[in-house]
Every structure is written in C-alpha cells, then in structure tokens.
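**Q** Next up, protein_21.pdb (PDB, C-alpha atoms).
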ATOM      1  CA  MET L   6    -118.884  37.741 -87.056
ATOM      2  CA  LYS L   7    -118.150  35.461 -90.006
ATOM      3  CA  LYS L   8    -120.648  32.861 -91.159
ATOM      4  CA  GLU L   9    -118.367  29.939 -90.306
ATOM      5  CA  ASN L  10    -118.408  31.172 -86.701
ATOM      6  CA  ARG L  11    -122.206  30.992 -86.366
ATOM      7  CA  VAL L  12    -124.587  28.215 -85.389
ATOM      8  CA  LYS L  13    -127.622  28.797 -87.586
ATOM      9  CA  ASP L  14    -129.286  25.444 -88.248
ATOM     10  CA  ASN L  15    -132.163  24.451 -85.952
ATOM     11  CA  LYS L  16    -130.848  20.845 -85.781
ATOM     12  CA  GLU L  17    -127.528  22.115 -84.453
ATOM     13  CA  PHE L  18    -129.288  24.278 -81.868
ATOM     14  CA  GLN L  19    -131.308  21.272 -80.692
ATOM     15  CA  GLN L  20    -128.207  19.053 -80.491
ATOM     16  CA  ILE L  21    -126.402  21.596 -78.351
ATOM     17  CA  PHE L  22    -129.454  21.947 -76.076
ATOM     18  CA  LYS L  23    -129.810  18.169 -75.660
ATOM     19  CA  GLN L  24    -126.182  16.994 -75.571
ATOM     20  CA  GLY L  25    -124.436  20.069 -74.224
ATOM     21  CA  LYS L  26    -124.043  21.594 -70.807
ATOM     22  CA  SER L  27    -125.579  24.809 -69.534
ATOM     23  CA  PHE L  28    -124.751  27.564 -67.106
ATOM     24  CA  ALA L  29    -126.510  30.842 -66.373
ATOM     25  CA  ASN L  30    -126.325  34.129 -64.548
ATOM     26  CA  ARG L  31    -129.037  36.775 -64.197
ATOM     27  CA  GLN L  32    -128.522  38.228 -67.672
ATOM     28  CA  LEU L  33    -127.493  35.352 -69.947
ATOM     29  CA  VAL L  34    -127.824  31.594 -70.336
ATOM     30  CA  LEU L  35    -124.916  29.678 -71.850
ATOM     31  CA  TYR L  36    -125.201  26.293 -73.569
ATOM     32  CA  TYR L  37    -122.041  24.694 -74.915
ATOM     33  CA  ARG L  38    -120.905  21.462 -76.493
ATOM     34  CA  LYS L  39    -117.396  20.296 -77.302
ATOM     35  CA  LYS L  40    -116.596  19.414 -80.927
ATOM     36  CA  THR L  41    -112.975  18.358 -81.291
ATOM     37  CA  ASP L  42    -112.828  18.543 -85.110
ATOM     38  CA  GLN L  43    -113.366  22.343 -85.248
ATOM     39  CA  LYS L  44    -110.725  24.960 -85.961
ATOM     40  CA  HIS L  45    -112.731  27.794 -84.370
ATOM     41  CA  PHE L  46    -115.637  28.209 -81.979
ATOM     42  CA  ARG L  47    -119.157  28.817 -83.256
ATOM     43  CA  VAL L  48    -121.828  30.961 -81.634
ATOM     44  CA  GLY L  49    -125.616  30.923 -81.809
ATOM     45  CA  LEU L  50    -127.646  33.769 -80.329
ATOM     46  CA  SER L  51    -131.223  33.705 -79.135
ATOM     47  CA  VAL L  52    -133.221  36.687 -77.904
ATOM     48  CA  GLY L  53    -136.875  35.984 -77.195
ATOM     49  CA  LYS L  54    -139.850  38.201 -78.002
ATOM     50  CA  LYS L  55    -140.541  38.803 -74.306
ATOM     51  CA  ILE L  56    -137.434  40.992 -74.142
ATOM     52  CA  GLY L  57    -138.730  43.684 -76.464
ATOM     53  CA  ASN L  58    -139.500  44.677 -80.012
ATOM     54  CA  ALA L  59    -137.329  43.785 -83.011
ATOM     55  CA  VAL L  60    -135.150  46.870 -82.609
ATOM     56  CA  MET L  61    -134.302  45.949 -79.008
ATOM     57  CA  ARG L  62    -133.668  42.280 -79.823
ATOM     58  CA  ASN L  63    -131.378  43.147 -82.743
ATOM     59  CA  ARG L  64    -129.477  45.626 -80.571
ATOM     60  CA  ILE L  65    -128.814  42.935 -77.968
ATOM     61  CA  LYS L  66    -127.660  40.502 -80.670
ATOM     62  CA  ARG L  67    -125.322  43.138 -82.123
ATOM     63  CA  LEU L  68    -123.797  43.780 -78.709
ATOM     64  CA  LEU L  69    -123.316  40.054 -78.060
ATOM     65  CA  ARG L  70    -121.701  39.529 -81.476
ATOM     66  CA  GLN L  71    -119.328  42.428 -80.851
ATOM     67  CA  ALA L  72    -118.416  41.035 -77.426
ATOM     68  CA  PHE L  73    -117.555  37.681 -79.023
ATOM     69  CA  LEU L  74    -115.487  39.445 -81.685
ATOM     70  CA  ASP L  75    -113.484  41.163 -78.962
ATOM     71  CA  LEU L  76    -113.019  37.858 -77.110
ATOM     72  CA  LYS L  77    -112.358  35.621 -80.126
ATOM     73  CA  ASP L  78    -108.663  35.122 -79.284
ATOM     74  CA  GLN L  79    -109.491  34.147 -75.708
ATOM     75  CA  VAL L  80    -112.322  31.629 -76.296
ATOM     76  CA  LYS L  81    -111.324  27.989 -76.760
ATOM     77  CA  SER L  82    -111.790  26.934 -80.362
ATOM     78  CA  GLU L  83    -113.355  23.475 -80.025
ATOM     79  CA  TYR L  84    -116.773  24.557 -78.710
ATOM     80  CA  ASP L  85    -120.205  25.331 -80.095
ATOM     81  CA  ILE L  86    -121.803  27.967 -77.881
ATOM     82  CA  ILE L  87    -125.383  29.223 -77.642
ATOM     83  CA  ILE L  88    -126.190  32.384 -75.710
ATOM     84  CA  ILE L  89    -129.771  33.102 -74.664
ATOM     85  CA  ALA L  90    -130.444  36.646 -73.471
ATOM     86  CA  ARG L  91    -132.651  37.181 -70.451
ATOM     87  CA  ASN L  92    -134.836  40.196 -69.662
ATOM     88  CA  PRO L  93    -132.219  42.329 -67.785
ATOM     89  CA  THR L  94    -130.063  42.580 -70.934
ATOM     90  CA  LYS L  95    -132.399  45.164 -72.441
ATOM     91  CA  ASN L  96    -131.195  47.726 -69.878
ATOM     92  CA  MET L  97    -127.491  46.901 -70.226
ATOM     93  CA  ASP L  98    -124.807  48.598 -72.271
ATOM     94  CA  TYR L  99    -121.995  46.910 -74.195
ATOM     95  CA  PHE L 100    -119.515  46.764 -71.313
ATOM     96  CA  GLU L 101    -122.036  45.190 -68.936
ATOM     97  CA  ILE L 102    -122.999  42.558 -71.509
ATOM     98  CA  LYS L 103    -119.336  41.787 -72.212
ATOM     99  CA  LYS L 104    -118.610  41.487 -68.476
ATOM    100  CA  SER L 105    -121.538  39.098 -68.039
ATOM    101  CA  LEU L 106    -120.374  37.032 -71.010
ATOM    102  CA  ILE L 107    -116.811  36.845 -69.666
ATOM    103  CA  HIS L 108    -118.215  35.720 -66.312
ATOM    104  CA  LEU L 109    -120.094  32.823 -67.921
ATOM    105  CA  LEU L 110    -117.223  31.743 -70.169
ATOM    106  CA  SER L 111    -114.606  31.855 -67.431
ATOM    107  CA  LYS L 112    -116.786  29.987 -64.914
ATOM    108  CA  GLN L 113    -117.175  27.129 -67.406
ATOM    109  CA  LYS L 114    -113.476  27.249 -68.371
ATOM    110  CA  LEU L 115    -114.233  28.069 -71.999
ATOM    111  CA  MET L 116    -111.532  30.737 -72.101
ATOM    112  CA  LYS L 117    -107.845  30.076 -72.743
TER     113      LYS L 117
END
Take the structure in the file and give it back as structure tokens.
**A**
Amino acid sequence: MKKENRVKDNKEFQQIFKQGKSFANRQLVLYYRKKTDQKHFRVGLSVGKKIGNAVMRNRIKRLLRQAFLDLKDQVKSEYDIIIIARNPTKNMDYFEIKKSLIHLLSKQKLMK
C-alpha cells in the first residue's frame, strides 16, 4: 500500500477516533471519518500486543493491507479508515480476514 494511502500520524488517528464513527464485528473494529477533499481513501492499522508477538502482529497487518489492496477499487475514496484487529484474527487466514473486512465496509456503506 502506498504511503499516501496510509494514516500514520498520531494526531490523525486521534481525530478519527474522536470525530469519526465506529462499527465492529468479532474480529475487527472499524473507525472512519469522511474527508471530502481527498482523492483516495487512507487506512491506518492497529494490532495490539495482546494479540501476539511481533511476528503475529506484522502478519495480521500484512493480510489487512493486502485485503485493502484487493478492495481499493471498491472502497469509497473520501474516507479515512482505521482498522483495529481483535484477538480472533490471529487464527484467521487471508480469505477470512478479507471477508470480515468486506462485512464491516459494506455494513457502513463505505463500498461503491
């Protein structure tokens, strides 16, 4: 995922948490905020230390990034999105994570 498609700054994370909306399922938590002046959506990922060691956390982040890459043409472009992984994600494969992500995005009407 390209750098312009990522939310990296802590201030931006906090703004999305405070001003945005949230939705969750058993595996993932979704925070999102509309920004009308953007040409493409941006994604921030968070995987806490309770989920596992660094190898496990990085694996989950890789799978989430790949899922967003596959869905980039379907996600509406004017949103900043933060995904927080919950504990069940450590036992999931790519297709299960992608299905869970699609569920969250479609429920909140963030897909075209």
**Q** Selection in question (the file shown): the PyMOL selection byres ((chain L and resi 35) around 12). Which residues does it include, as number ranges by chain?
**A** L: 21-22, 25-34, 36-38, 48-51, 84-91, 105-113, 115
**Q** Write the selection just made, keeping C-alpha atoms, as a JSON list (two decimals), keeping the file's coordinate frame?
**A**
[["chain", "number", "residue", "atom", "x", "y", "z"],
["L", 21, "ILE", "CA", -126.40, 21.60, -78.35],
["L", 22, "PHE", "CA", -129.45, 21.95, -76.08],
["L", 25, "GLY", "CA", -124.44, 20.07, -74.22],
["L", 26, "LYS", "CA", -124.04, 21.59, -70.81],
["L", 27, "SER", "CA", -125.58, 24.81, -69.53],
["L", 28, "PHE", "CA", -124.75, 27.56, -67.11],
["L", 29, "ALA", "CA", -126.51, 30.84, -66.37],
["L", 30, "ASN", "CA", -126.32, 34.13, -64.55],
["L", 31, "ARG", "CA", -129.04, 36.78, -64.20],
["L", 32, "GLN", "CA", -128.52, 38.23, -67.67],
["L", 33, "LEU", "CA", -127.49, 35.35, -69.95],
["L", 34, "VAL", "CA", -127.82, 31.59, -70.34],
["L", 36, "TYR", "CA", -125.20, 26.29, -73.57],
["L", 37, "TYR", "CA", -122.04, 24.69, -74.92],
["L", 38, "ARG", "CA", -120.90, 21.46, -76.49],
["L", 48, "VAL", "CA", -121.83, 30.96, -81.63],
["L", 49, "GLY", "CA", -125.62, 30.92, -81.81],
["L", 50, "LEU", "CA", -127.65, 33.77, -80.33],
["L", 51, "SER", "CA", -131.22, 33.70, -79.14],
["L", 84, "TYR", "CA", -116.77, 24.56, -78.71],
["L", 85, "ASP", "CA", -120.20, 25.33, -80.10],
["L", 86, "ILE", "CA", -121.80, 27.97, -77.88],
["L", 87, "ILE", "CA", -125.38, 29.22, -77.64],
["L", 88, "ILE", "CA", -126.19, 32.38, -75.71],
["L", 89, "ILE", "CA", -129.77, 33.10, -74.66],
["L", 90, "ALA", "CA", -130.44, 36.65, -73.47],
["L", 91, "ARG", "CA", -132.65, 37.18, -70.45],
["L", 105, "SER", "CA", -121.54, 39.10, -68.04],
["L", 106, "LEU", "CA", -120.37, 37.03, -71.01],
["L", 107, "ILE", "CA", -116.81, 36.84, -69.67],
["L", 108, "HIS", "CA", -118.22, 35.72, -66.31],
["L", 109, "LEU", "CA", -120.09, 32.82, -67.92],
["L", 110, "LEU", "CA", -117.22, 31.74, -70.17],
["L", 111, "SER", "CA", -114.61, 31.86, -67.43],
["L", 112, "LYS", "CA", -116.79, 29.99, -64.91],
["L", 113, "GLN", "CA", -117.18, 27.13, -67.41],
["L", 115, "LEU", "CA", -114.23, 28.07, -72.00]]
**Q** Can you translate the PyMOL selection byres ((chain L and resi 75) around 12) into the concrete residues it hits in this file, as a list of chain:residue names?
**A**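 Answer for the PyMOL selection byres ((chain L and resi 75) around 12): L:Met6, L:Leu68, L:Leu69, L:Arg70, L:Gln71, L:Ala72, L:Phe73, L:Leu74, L:Leu76, L:Lys77, L:Asp78, L:Gln79, L:Val80, L:Tyr99, L:Phe100, L:Lys103, L:Lys104, L:Leu106, L:Ile107.
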**Q** Between atom CA of Lys16 of chain L and atom CA of Thr94 of chain L, what distance in Å does the model show, to one decimal?
**A**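 Result for atom CA of Lys16 of chain L versus atom CA of Thr94 of chain L: 26.3 Å, one decimal.
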**Q** Selection in question (the file shown): the PyMOL selection byres ((chain L and resi 55) around 12). Which residues does it include, as a VMD selection string?
**A** chain L and resid 51 to 54 56 to 59 61 to 62 90 to 95
**Q** Could you tell me how far atom CA of His45 of chain L lies from atom CA of Ser82 of chain L, in Å and to one decimal?
**A**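 Computing it gives 4.2 Å between the two atoms.
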**Q** Calculated over all atoms listed in the file, which of the candidates L:Val60, L:Arg47, L:Ile65, L:Lys117 has the smallest distance to Lys81 of chain L?
**A**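 Between L:Val60, L:Arg47, L:Ile65, L:Lys117, the residue approaching Lys81 of chain L most closely is L:Lys117.
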**Q** From the options L:Asn15, L:Gln20, L:Lys7, L:Arg64, which residue's atoms come nearest to Lys40 of chain L, counting only C-alpha atoms?
**A** L:Gln20
**Q** Would you mind reading off the distance between atom CA of Glu9 of chain L and atom CA of Met97 of chain L, one decimal, in Å?
**A** 27.8 Å
**Q** Is it possible to get the axis-aligned box enclosing segment 50-69 of chain L (all listed atoms, 5 Å extra per side) as JSON, with centre and edge lengths in Å rounded to one decimal?
**A**
{"center_x": -131.9, "center_y": 40.3, "center_z": -78.6, "size_x": 27.2, "size_y": 23.2, "size_z": 18.9}
**Q** Fix up segment 58-69 of chain L with all heavy atoms, then write it as a PDB file, keeping the file's coordinate frame.
**A**
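This is the output file part-v9.pdb:
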ATOM      1  N   ASN L  58    -139.171  44.693 -78.590  1.00  0.00           N
ATOM      2  CA  ASN L  58    -139.500  44.677 -80.012  1.00  0.00           C
ATOM      3  C   ASN L  58    -138.260  44.300 -80.839  1.00  0.00           C
ATOM      4  O   ASN L  58    -137.186  44.063 -80.293  1.00  0.00           O
ATOM      5  CB  ASN L  58    -140.081  46.024 -80.442  1.00  0.00           C
ATOM      6  CG  ASN L  58    -139.116  47.166 -80.229  1.00  0.00           C
ATOM      7  OD1 ASN L  58    -137.952  46.971 -79.932  1.00  0.00           O
ATOM      8  ND2 ASN L  58    -139.611  48.384 -80.381  1.00  0.00           N
ATOM      9  N   ALA L  59    -138.405  44.244 -82.137  1.00  0.00           N
ATOM     10  CA  ALA L  59    -137.329  43.785 -83.011  1.00  0.00           C
ATOM     11  C   ALA L  59    -136.086  44.664 -82.898  1.00  0.00           C
ATOM     12  O   ALA L  59    -134.955  44.171 -82.950  1.00  0.00           O
ATOM     13  CB  ALA L  59    -137.814  43.737 -84.453  1.00  0.00           C
ATOM     14  N   VAL L  60    -136.284  45.954 -82.732  1.00  0.00           N
ATOM     15  CA  VAL L  60    -135.150  46.870 -82.609  1.00  0.00           C
ATOM     16  C   VAL L  60    -134.322  46.526 -81.373  1.00  0.00           C
ATOM     17  O   VAL L  60    -133.092  46.450 -81.423  1.00  0.00           O
ATOM     18  CB  VAL L  60    -135.649  48.337 -82.548  1.00  0.00           C
ATOM     19  CG1 VAL L  60    -134.510  49.286 -82.291  1.00  0.00           C
ATOM     20  CG2 VAL L  60    -136.373  48.702 -83.825  1.00  0.00           C
ATOM     21  N   MET L  61    -134.987  46.288 -80.258  1.00  0.00           N
ATOM     22  CA  MET L  61    -134.302  45.949 -79.008  1.00  0.00           C
ATOM     23  C   MET L  61    -133.586  44.602 -79.115  1.00  0.00           C
ATOM     24  O   MET L  61    -132.438  44.460 -78.694  1.00  0.00           O
ATOM     25  CB  MET L  61    -135.321  45.931 -77.860  1.00  0.00           C
ATOM     26  CG  MET L  61    -134.734  45.577 -76.520  1.00  0.00           C
ATOM     27  SD  MET L  61    -133.516  46.766 -75.922  1.00  0.00           S
ATOM     28  CE  MET L  61    -134.547  48.179 -75.644  1.00  0.00           C
ATOM     29  N   ARG L  62    -134.275  43.611 -79.692  1.00  0.00           N
ATOM     30  CA  ARG L  62    -133.668  42.280 -79.823  1.00  0.00           C
ATOM     31  C   ARG L  62    -132.441  42.319 -80.723  1.00  0.00           C
ATOM     32  O   ARG L  62    -131.410  41.712 -80.413  1.00  0.00           O
ATOM     33  CB  ARG L  62    -134.698  41.283 -80.362  1.00  0.00           C
ATOM     34  CG  ARG L  62    -135.851  41.054 -79.414  1.00  0.00           C
ATOM     35  CD  ARG L  62    -136.691  39.856 -79.805  1.00  0.00           C
ATOM     36  NE  ARG L  62    -137.206  39.890 -81.158  1.00  0.00           N
ATOM     37  CZ  ARG L  62    -138.369  40.397 -81.522  1.00  0.00           C
ATOM     38  NH1 ARG L  62    -139.158  40.961 -80.609  1.00  0.00           N
ATOM     39  NH2 ARG L  62    -138.778  40.350 -82.765  1.00  0.00           N
ATOM     40  N   ASN L  63    -132.521  43.046 -81.836  1.00  0.00           N
ATOM     41  CA  ASN L  63    -131.378  43.147 -82.743  1.00  0.00           C
ATOM     42  C   ASN L  63    -130.221  43.901 -82.099  1.00  0.00           C
ATOM     43  O   ASN L  63    -129.061  43.561 -82.322  1.00  0.00           O
ATOM     44  CB  ASN L  63    -131.786  43.808 -84.062  1.00  0.00           C
ATOM     45  CG  ASN L  63    -132.633  42.895 -84.907  1.00  0.00           C
ATOM     46  OD1 ASN L  63    -132.492  41.673 -84.845  1.00  0.00           O
ATOM     47  ND2 ASN L  63    -133.520  43.464 -85.688  1.00  0.00           N
ATOM     48  N   ARG L  64    -130.528  44.889 -81.284  1.00  0.00           N
ATOM     49  CA  ARG L  64    -129.477  45.626 -80.571  1.00  0.00           C
ATOM     50  C   ARG L  64    -128.715  44.702 -79.632  1.00  0.00           C
ATOM     51  O   ARG L  64    -127.485  44.711 -79.594  1.00  0.00           O
ATOM     52  CB  ARG L  64    -130.101  46.773 -79.781  1.00  0.00           C
ATOM     53  CG  ARG L  64    -129.114  47.554 -78.958  1.00  0.00           C
ATOM     54  CD  ARG L  64    -129.826  48.616 -78.098  1.00  0.00           C
ATOM     55  NE  ARG L  64    -128.922  49.129 -77.100  1.00  0.00           N
ATOM     56  CZ  ARG L  64    -128.691  48.551 -75.922  1.00  0.00           C
ATOM     57  NH1 ARG L  64    -129.316  47.447 -75.585  1.00  0.00           N
ATOM     58  NH2 ARG L  64    -127.841  49.077 -75.070  1.00  0.00           N
ATOM     59  N   ILE L  65    -129.452  43.875 -78.901  1.00  0.00           N
ATOM     60  CA  ILE L  65    -128.814  42.935 -77.968  1.00  0.00           C
ATOM     61  C   ILE L  65    -127.943  41.941 -78.738  1.00  0.00           C
ATOM     62  O   ILE L  65    -126.818  41.635 -78.335  1.00  0.00           O
ATOM     63  CB  ILE L  65    -129.885  42.225 -77.116  1.00  0.00           C
ATOM     64  CG1 ILE L  65    -130.552  43.240 -76.183  1.00  0.00           C
ATOM     65  CG2 ILE L  65    -129.284  41.085 -76.319  1.00  0.00           C
ATOM     66  CD1 ILE L  65    -131.785  42.739 -75.495  1.00  0.00           C
ATOM     67  N   LYS L  66    -128.455  41.437 -79.864  1.00  0.00           N
ATOM     68  CA  LYS L  66    -127.660  40.502 -80.670  1.00  0.00           C
ATOM     69  C   LYS L  66    -126.396  41.159 -81.213  1.00  0.00           C
ATOM     70  O   LYS L  66    -125.331  40.537 -81.237  1.00  0.00           O
ATOM     71  CB  LYS L  66    -128.502  39.934 -81.820  1.00  0.00           C
ATOM     72  CG  LYS L  66    -129.521  38.916 -81.350  1.00  0.00           C
ATOM     73  CD  LYS L  66    -130.177  38.222 -82.504  1.00  0.00           C
ATOM     74  CE  LYS L  66    -131.466  38.912 -82.853  1.00  0.00           C
ATOM     75  NZ  LYS L  66    -132.235  38.213 -83.879  1.00  0.00           N
ATOM     76  N   ARG L  67    -126.512  42.406 -81.640  1.00  0.00           N
ATOM     77  CA  ARG L  67    -125.322  43.138 -82.123  1.00  0.00           C
ATOM     78  C   ARG L  67    -124.280  43.274 -81.028  1.00  0.00           C
ATOM     79  O   ARG L  67    -123.086  43.080 -81.258  1.00  0.00           O
ATOM     80  CB  ARG L  67    -125.724  44.537 -82.611  1.00  0.00           C
ATOM     81  CG  ARG L  67    -126.016  44.630 -84.076  1.00  0.00           C
ATOM     82  CD  ARG L  67    -126.009  46.074 -84.565  1.00  0.00           C
ATOM     83  NE  ARG L  67    -126.574  47.052 -83.653  1.00  0.00           N
ATOM     84  CZ  ARG L  67    -127.853  47.387 -83.583  1.00  0.00           C
ATOM     85  NH1 ARG L  67    -128.734  46.807 -84.372  1.00  0.00           N
ATOM     86  NH2 ARG L  67    -128.265  48.308 -82.745  1.00  0.00           N
ATOM     87  N   LEU L  68    -124.723  43.619 -79.828  1.00  0.00           N
ATOM     88  CA  LEU L  68    -123.797  43.780 -78.709  1.00  0.00           C
ATOM     89  C   LEU L  68    -123.130  42.452 -78.342  1.00  0.00           C
ATOM     90  O   LEU L  68    -121.926  42.410 -78.062  1.00  0.00           O
ATOM     91  CB  LEU L  68    -124.531  44.360 -77.497  1.00  0.00           C
ATOM     92  CG  LEU L  68    -125.054  45.783 -77.645  1.00  0.00           C
ATOM     93  CD1 LEU L  68    -125.875  46.179 -76.420  1.00  0.00           C
ATOM     94  CD2 LEU L  68    -123.924  46.761 -77.867  1.00  0.00           C
ATOM     95  N   LEU L  69    -123.889  41.371 -78.364  1.00  0.00           N
ATOM     96  CA  LEU L  69    -123.316  40.054 -78.060  1.00  0.00           C
ATOM     97  C   LEU L  69    -122.307  39.635 -79.127  1.00  0.00           C
ATOM     98  O   LEU L  69    -121.236  39.109 -78.808  1.00  0.00           O
ATOM     99  CB  LEU L  69    -124.425  39.008 -77.935  1.00  0.00           C
ATOM    100  CG  LEU L  69    -125.224  39.053 -76.632  1.00  0.00           C
ATOM    101  CD1 LEU L  69    -126.480  38.210 -76.753  1.00  0.00           C
ATOM    102  CD2 LEU L  69    -124.366  38.577 -75.479  1.00  0.00           C
TER     103      LEU L  69
END
